[in-house]
$ cat upload_7.pdb   # PDB, C-alpha atoms
MODEL        1
ATOM      1  CA  MET T  12     -52.265  -6.123 -25.293
ATOM      2  CA  LYS T  13     -50.960  -2.955 -23.623
ATOM      3  CA  ASP T  14     -49.012  -5.023 -21.102
ATOM      4  CA  GLU T  15     -47.131  -6.557 -24.019
ATOM      5  CA  ILE T  16     -46.506  -3.117 -25.527
ATOM      6  CA  PHE T  17     -45.061  -1.799 -22.249
ATOM      7  CA  LYS T  18     -42.947  -4.934 -21.888
ATOM      8  CA  ASN T  19     -41.556  -4.431 -25.403
ATOM      9  CA  LEU T  20     -40.871  -0.733 -24.773
ATOM     10  CA  TYR T  21     -39.059  -1.590 -21.555
ATOM     11  CA  ASN T  22     -37.072  -4.443 -23.089
ATOM     12  CA  ASN T  23     -35.911  -2.280 -26.016
ATOM     13  CA  ARG T  24     -35.390   1.006 -24.139
ATOM     14  CA  MET T  25     -31.603   0.873 -24.473
ATOM     15  CA  LEU T  26     -32.028   1.502 -28.222
ATOM     16  CA  ARG T  27     -28.584   0.008 -28.931
ATOM     17  CA  ASN T  28     -29.186  -1.069 -32.503
ATOM     18  CA  SER T  29     -31.623  -0.840 -35.386
ATOM     19  CA  THR T  30     -33.610  -3.871 -34.157
ATOM     20  CA  GLU T  31     -34.239  -2.345 -30.724
ATOM     21  CA  ILE T  32     -35.035   1.031 -32.289
ATOM     22  CA  GLU T  33     -37.533  -0.538 -34.694
ATOM     23  CA  LYS T  34     -39.226  -2.555 -31.936
ATOM     24  CA  TYR T  35     -39.365   0.483 -29.653
ATOM     25  CA  GLU T  36     -40.815   2.759 -32.346
ATOM     26  CA  ASN T  37     -43.333   0.133 -33.476
ATOM     27  CA  ASN T  38     -44.574  -0.391 -29.926
ATOM     28  CA  LEU T  39     -44.712   3.332 -29.257
ATOM     29  CA  ASN T  40     -46.830   3.709 -32.402
ATOM     30  CA  LEU T  41     -49.123   0.897 -31.255
ATOM     31  CA  LEU T  42     -49.502   2.564 -27.882
ATOM     32  CA  SER T  43     -50.262   5.923 -29.473
ATOM     33  CA  GLU T  44     -53.297   4.444 -31.244
ATOM     34  CA  ASN T  45     -55.108   4.079 -27.914
ATOM     35  CA  PHE T  46     -53.032   6.082 -25.424
ATOM     36  CA  SER T  47     -54.874   7.188 -22.294
ATOM     37  CA  GLU T  48     -54.237   8.818 -18.923
ATOM     38  CA  GLU T  49     -54.074   5.370 -17.338
ATOM     39  CA  ASP T  50     -51.024   4.528 -19.499
ATOM     40  CA  ILE T  51     -48.872   7.455 -18.400
ATOM     41  CA  ILE T  52     -47.286   5.898 -15.311
ATOM     42  CA  ASN T  53     -46.389   2.692 -17.173
ATOM     43  CA  LEU T  54     -44.888   4.707 -20.018
ATOM     44  CA  CYS T  55     -42.763   6.688 -17.558
ATOM     45  CA  LEU T  56     -41.339   3.427 -16.244
ATOM     46  CA  THR T  57     -39.913   2.618 -19.684
ATOM     47  CA  PHE T  58     -37.491   5.572 -19.762
ATOM     48  CA  GLU T  59     -33.767   4.855 -19.469
ATOM     49  CA  ASP T  60     -31.002   7.395 -18.823
ATOM     50  CA  LYS T  61     -28.390   5.120 -20.431
ATOM     51  CA  THR T  62     -30.262   4.780 -23.707
ATOM     52  CA  HIS T  63     -28.125   4.960 -26.817
ATOM     53  CA  ASN T  64     -30.628   6.991 -28.815
ATOM     54  CA  THR T  65     -32.250   9.855 -26.953
ATOM     55  CA  GLU T  66     -33.902  11.185 -30.110
ATOM     56  CA  VAL T  67     -35.984   8.032 -30.419
ATOM     57  CA  MET T  68     -36.896   8.100 -26.725
ATOM     58  CA  PHE T  69     -38.186  11.649 -27.181
ATOM     59  CA  GLY T  70     -41.058  10.026 -29.050
ATOM     60  CA  ALA T  71     -42.304   8.838 -25.656
ATOM     61  CA  ILE T  72     -42.047  12.410 -24.331
ATOM     62  CA  HIS T  73     -44.198  13.633 -27.206
ATOM     63  CA  LEU T  74     -46.736  10.905 -26.501
ATOM     64  CA  LEU T  75     -46.867  11.930 -22.819
ATOM     65  CA  GLU T  76     -47.443  15.529 -23.872
ATOM     66  CA  SER T  77     -50.329  14.572 -26.153
ATOM     67  CA  LEU T  78     -52.681  14.437 -23.141
ATOM     68  CA  SER T  79     -53.480  17.567 -21.175
ATOM     69  CA  SER T  80     -56.210  16.722 -18.676
ATOM     70  CA  GLU T  81     -55.814  17.085 -14.915
ATOM     71  CA  VAL T  82     -55.663  13.293 -14.624
ATOM     72  CA  ALA T  83     -52.881  13.240 -17.236
ATOM     73  CA  TYR T  84     -50.844  15.782 -15.284
ATOM     74  CA  GLU T  85     -51.431  13.985 -11.998
ATOM     75  CA  ASN T  86     -50.340  10.667 -13.516
ATOM     76  CA  THR T  87     -47.330  12.363 -15.099
ATOM     77  CA  ILE T  88     -46.254  13.629 -11.676
ATOM     78  CA  ILE T  89     -46.690  10.141 -10.229
ATOM     79  CA  GLY T  90     -44.727   8.746 -13.167
ATOM     80  CA  ILE T  91     -41.934  11.291 -12.639
ATOM     81  CA  ILE T  92     -41.664  10.277  -8.995
ATOM     82  CA  LYS T  93     -41.647   6.552  -9.801
ATOM     83  CA  MET T  94     -39.038   6.904 -12.553
ATOM     84  CA  TYR T  95     -36.804   9.292 -10.614
ATOM     85  CA  VAL T  96     -34.829   6.446  -9.028
ATOM     86  CA  SER T  97     -34.054   4.616 -12.270
ATOM     87  CA  ALA T  98     -34.146   7.465 -14.819
ATOM     88  CA  PRO T  99     -33.619  10.809 -13.028
ATOM     89  CA  GLU T 100     -32.381  12.596 -16.149
ATOM     90  CA  TRP T 101     -35.559  11.788 -18.059
ATOM     91  CA  ALA T 102     -37.676  12.621 -15.009
ATOM     92  CA  ASN T 103     -36.020  16.036 -14.962
ATOM     93  CA  ILE T 104     -36.492  16.516 -18.710
ATOM     94  CA  ILE T 105     -40.229  15.875 -18.368
ATOM     95  CA  THR T 106     -40.378  18.243 -15.401
ATOM     96  CA  TYR T 107     -38.419  20.944 -17.269
ATOM     97  CA  ARG T 108     -40.862  20.712 -20.150
ATOM     98  CA  ILE T 109     -43.772  21.162 -17.735
ATOM     99  CA  LEU T 110     -42.055  24.175 -16.148
ATOM    100  CA  ASN T 111     -41.448  25.772 -19.554
ATOM    101  CA  ASP T 112     -45.121  25.734 -20.499
ATOM    102  CA  GLU T 113     -47.541  28.222 -18.916
ATOM    103  CA  PHE T 114     -50.569  25.958 -19.367
ATOM    104  CA  SER T 115     -48.724  23.038 -17.753
ATOM    105  CA  VAL T 116     -47.633  25.157 -14.796
ATOM    106  CA  LYS T 117     -51.257  26.206 -14.224
ATOM    107  CA  MET T 118     -52.456  22.604 -14.449
ATOM    108  CA  VAL T 119     -49.825  21.344 -12.005
ATOM    109  CA  LYS T 120     -50.573  24.212  -9.616
ATOM    110  CA  SER T 121     -54.281  23.348  -9.688
ATOM    111  CA  ILE T 122     -53.680  19.708  -8.705
ATOM    112  CA  TYR T 123     -50.524  19.974  -6.574
ATOM    113  CA  ASN T 124     -52.176  20.783  -3.226
ATOM    114  CA  ARG T 125     -54.827  18.102  -3.523
ATOM    115  CA  MET T 126     -52.463  15.267  -4.374
ATOM    116  CA  GLU T 127     -51.576  12.659  -1.772
ATOM    117  CA  LYS T 128     -49.121  14.175   0.705
ATOM    118  CA  ASN T 129     -46.344  11.663   0.015
ATOM    119  CA  ILE T 130     -46.571  12.325  -3.735
ATOM    120  CA  SER T 131     -46.673  16.109  -3.400
ATOM    121  CA  ALA T 132     -43.748  15.990  -0.942
ATOM    122  CA  LYS T 133     -41.599  13.937  -3.334
ATOM    123  CA  PHE T 134     -42.502  16.165  -6.276
ATOM    124  CA  LYS T 135     -41.713  19.228  -4.175
ATOM    125  CA  GLY T 136     -38.251  17.783  -3.548
ATOM    126  CA  ILE T 137     -37.680  17.385  -7.276
ATOM    127  CA  LEU T 138     -38.908  20.934  -7.941
ATOM    128  CA  GLU T 139     -36.733  22.393  -5.196
ATOM    129  CA  ALA T 140     -33.650  20.613  -6.577
ATOM    130  CA  ILE T 141     -34.376  22.054 -10.033
ATOM    131  CA  LYS T 142     -34.913  25.504  -8.543
ATOM    132  CA  GLN T 143     -31.592  25.274  -6.737
ATOM    133  CA  ASP T 144     -29.820  24.206  -9.952
ATOM    134  CA  ASP T 145     -31.402  26.820 -12.212
ATOM    135  CA  CYS T 146     -33.436  29.370 -10.280
ATOM    136  CA  GLU T 147     -33.150  31.975 -13.017
ATOM    137  CA  LYS T 148     -34.868  29.806 -15.618
ATOM    138  CA  PHE T 149     -37.298  27.762 -13.513
ATOM    139  CA  GLY T 150     -37.652  29.618 -10.211
ATOM    140  CA  ASN T 151     -40.754  31.596 -11.156
ATOM    141  CA  SER T 152     -42.644  28.554 -12.465
ATOM    142  CA  ILE T 153     -41.735  26.540  -9.390
ATOM    143  CA  SER T 154     -42.799  29.376  -7.088
ATOM    144  CA  ILE T 155     -46.159  29.502  -8.865
ATOM    145  CA  ILE T 156     -46.676  25.759  -8.330
ATOM    146  CA  LEU T 157     -45.506  25.646  -4.724
ATOM    147  CA  GLY T 158     -47.277  28.865  -3.777
TER     148      GLY T 158
ENDMDL
END
$ encode --input "upload_7.pdb" --output "structure tokens"
Amino acid sequence: MKDEIFKNLYNNRMLRNSTEIEKYENNLNLLSENFSEEDIINLCLTFEDKTHNTEVMFGAIHLLESLSSEVAYENTIIGIIKMYVSAPEWANIITYRILNDEFSVKMVKSIYNRMEKNISAKFKGILEAIKQDDCEKFGNSISIILG
């Protein structure tokens, strides 16, 4: 059932018209009924930078943020890395939201050094790019995570 939900989210992610918006929102609501840490990476893969309705897509951000376990944060980082090629703007938005939240920064810091090296290296690259773009706003949070 969840495979079908993710397929529908992906297929309607452009949100070009009321039909796509309705299908996207309905599937996001279905997913929210039984959303778990294991769903995070698949949800990240449904984001689209060229969507026509960012407000609707923010519903997926809110669903991601509804889980706050270490596994949820680890899967979110993996999801950010996997989506960075196809949806870098959304990957950055999710990362910015993590960096703006003290609890999230602490959670990411606690798991960062024990993640697989290739994942932590890719995430470090994303963090360093953000720090270079806006050190004043995000530099401290990134320094906390990277040590």
$ closest_residue --input "upload_7.pdb" --among "T:Val67, T:Ile89, T:Ile32, T:Val82" --to "Ile52 (chain T)" --atoms "all atoms listed in the file"
T:Ile89
$ resolve_selection --input "upload_7.pdb" --expression "the PyMOL selection byres ((chain T and resi 105-118) around 7)" --output "list in words"
Glu81, Trp101, Ala102, Asn103, Ile104, Val119, Lys120, Ser121, Ile122, Phe149, Ser152 and Ile156 of chain T
$ closest_residue --input "upload_7.pdb" --among "T:Asn124, T:Asn37, T:Ser154, T:Ser97" --to "Phe58 (chain T)" --atoms "all atoms listed in the file"
T:Ser97
$ closest_residue --input "upload_7.pdb" --among "T:Asn86, T:Ser80, T:Asn151, T:Gln143" --to "Asp50 (chain T)" --atoms "all atoms listed in the file"
T:Asn86
$ closest_residue --input "upload_7.pdb" --among "T:Arg125, T:Lys133, T:Lys148, T:Arg24" --to "Phe69 (chain T)" --atoms "all atoms listed in the file"
T:Arg24
$ axis_aligned_box --input "upload_7.pdb" --around "region 46-61 of chain T" --padding-each-side "3 Å" --output "JSON"
{"center_x": -41.6, "center_y": 5.7, "center_z": -20.4, "size_x": 32.5, "size_y": 12.2, "size_z": 16.1}
$ atom_distance --input "upload_7.pdb" --atom1 "CA of Gly150 (chain T)" --atom2 "CA of Ala71 (chain T)"
26.3 Å
$ atom_distance --input "upload_7.pdb" --atom1 "CA of Gly158 (chain T)" --atom2 "CA of Ala132 (chain T)"
13.6 Å
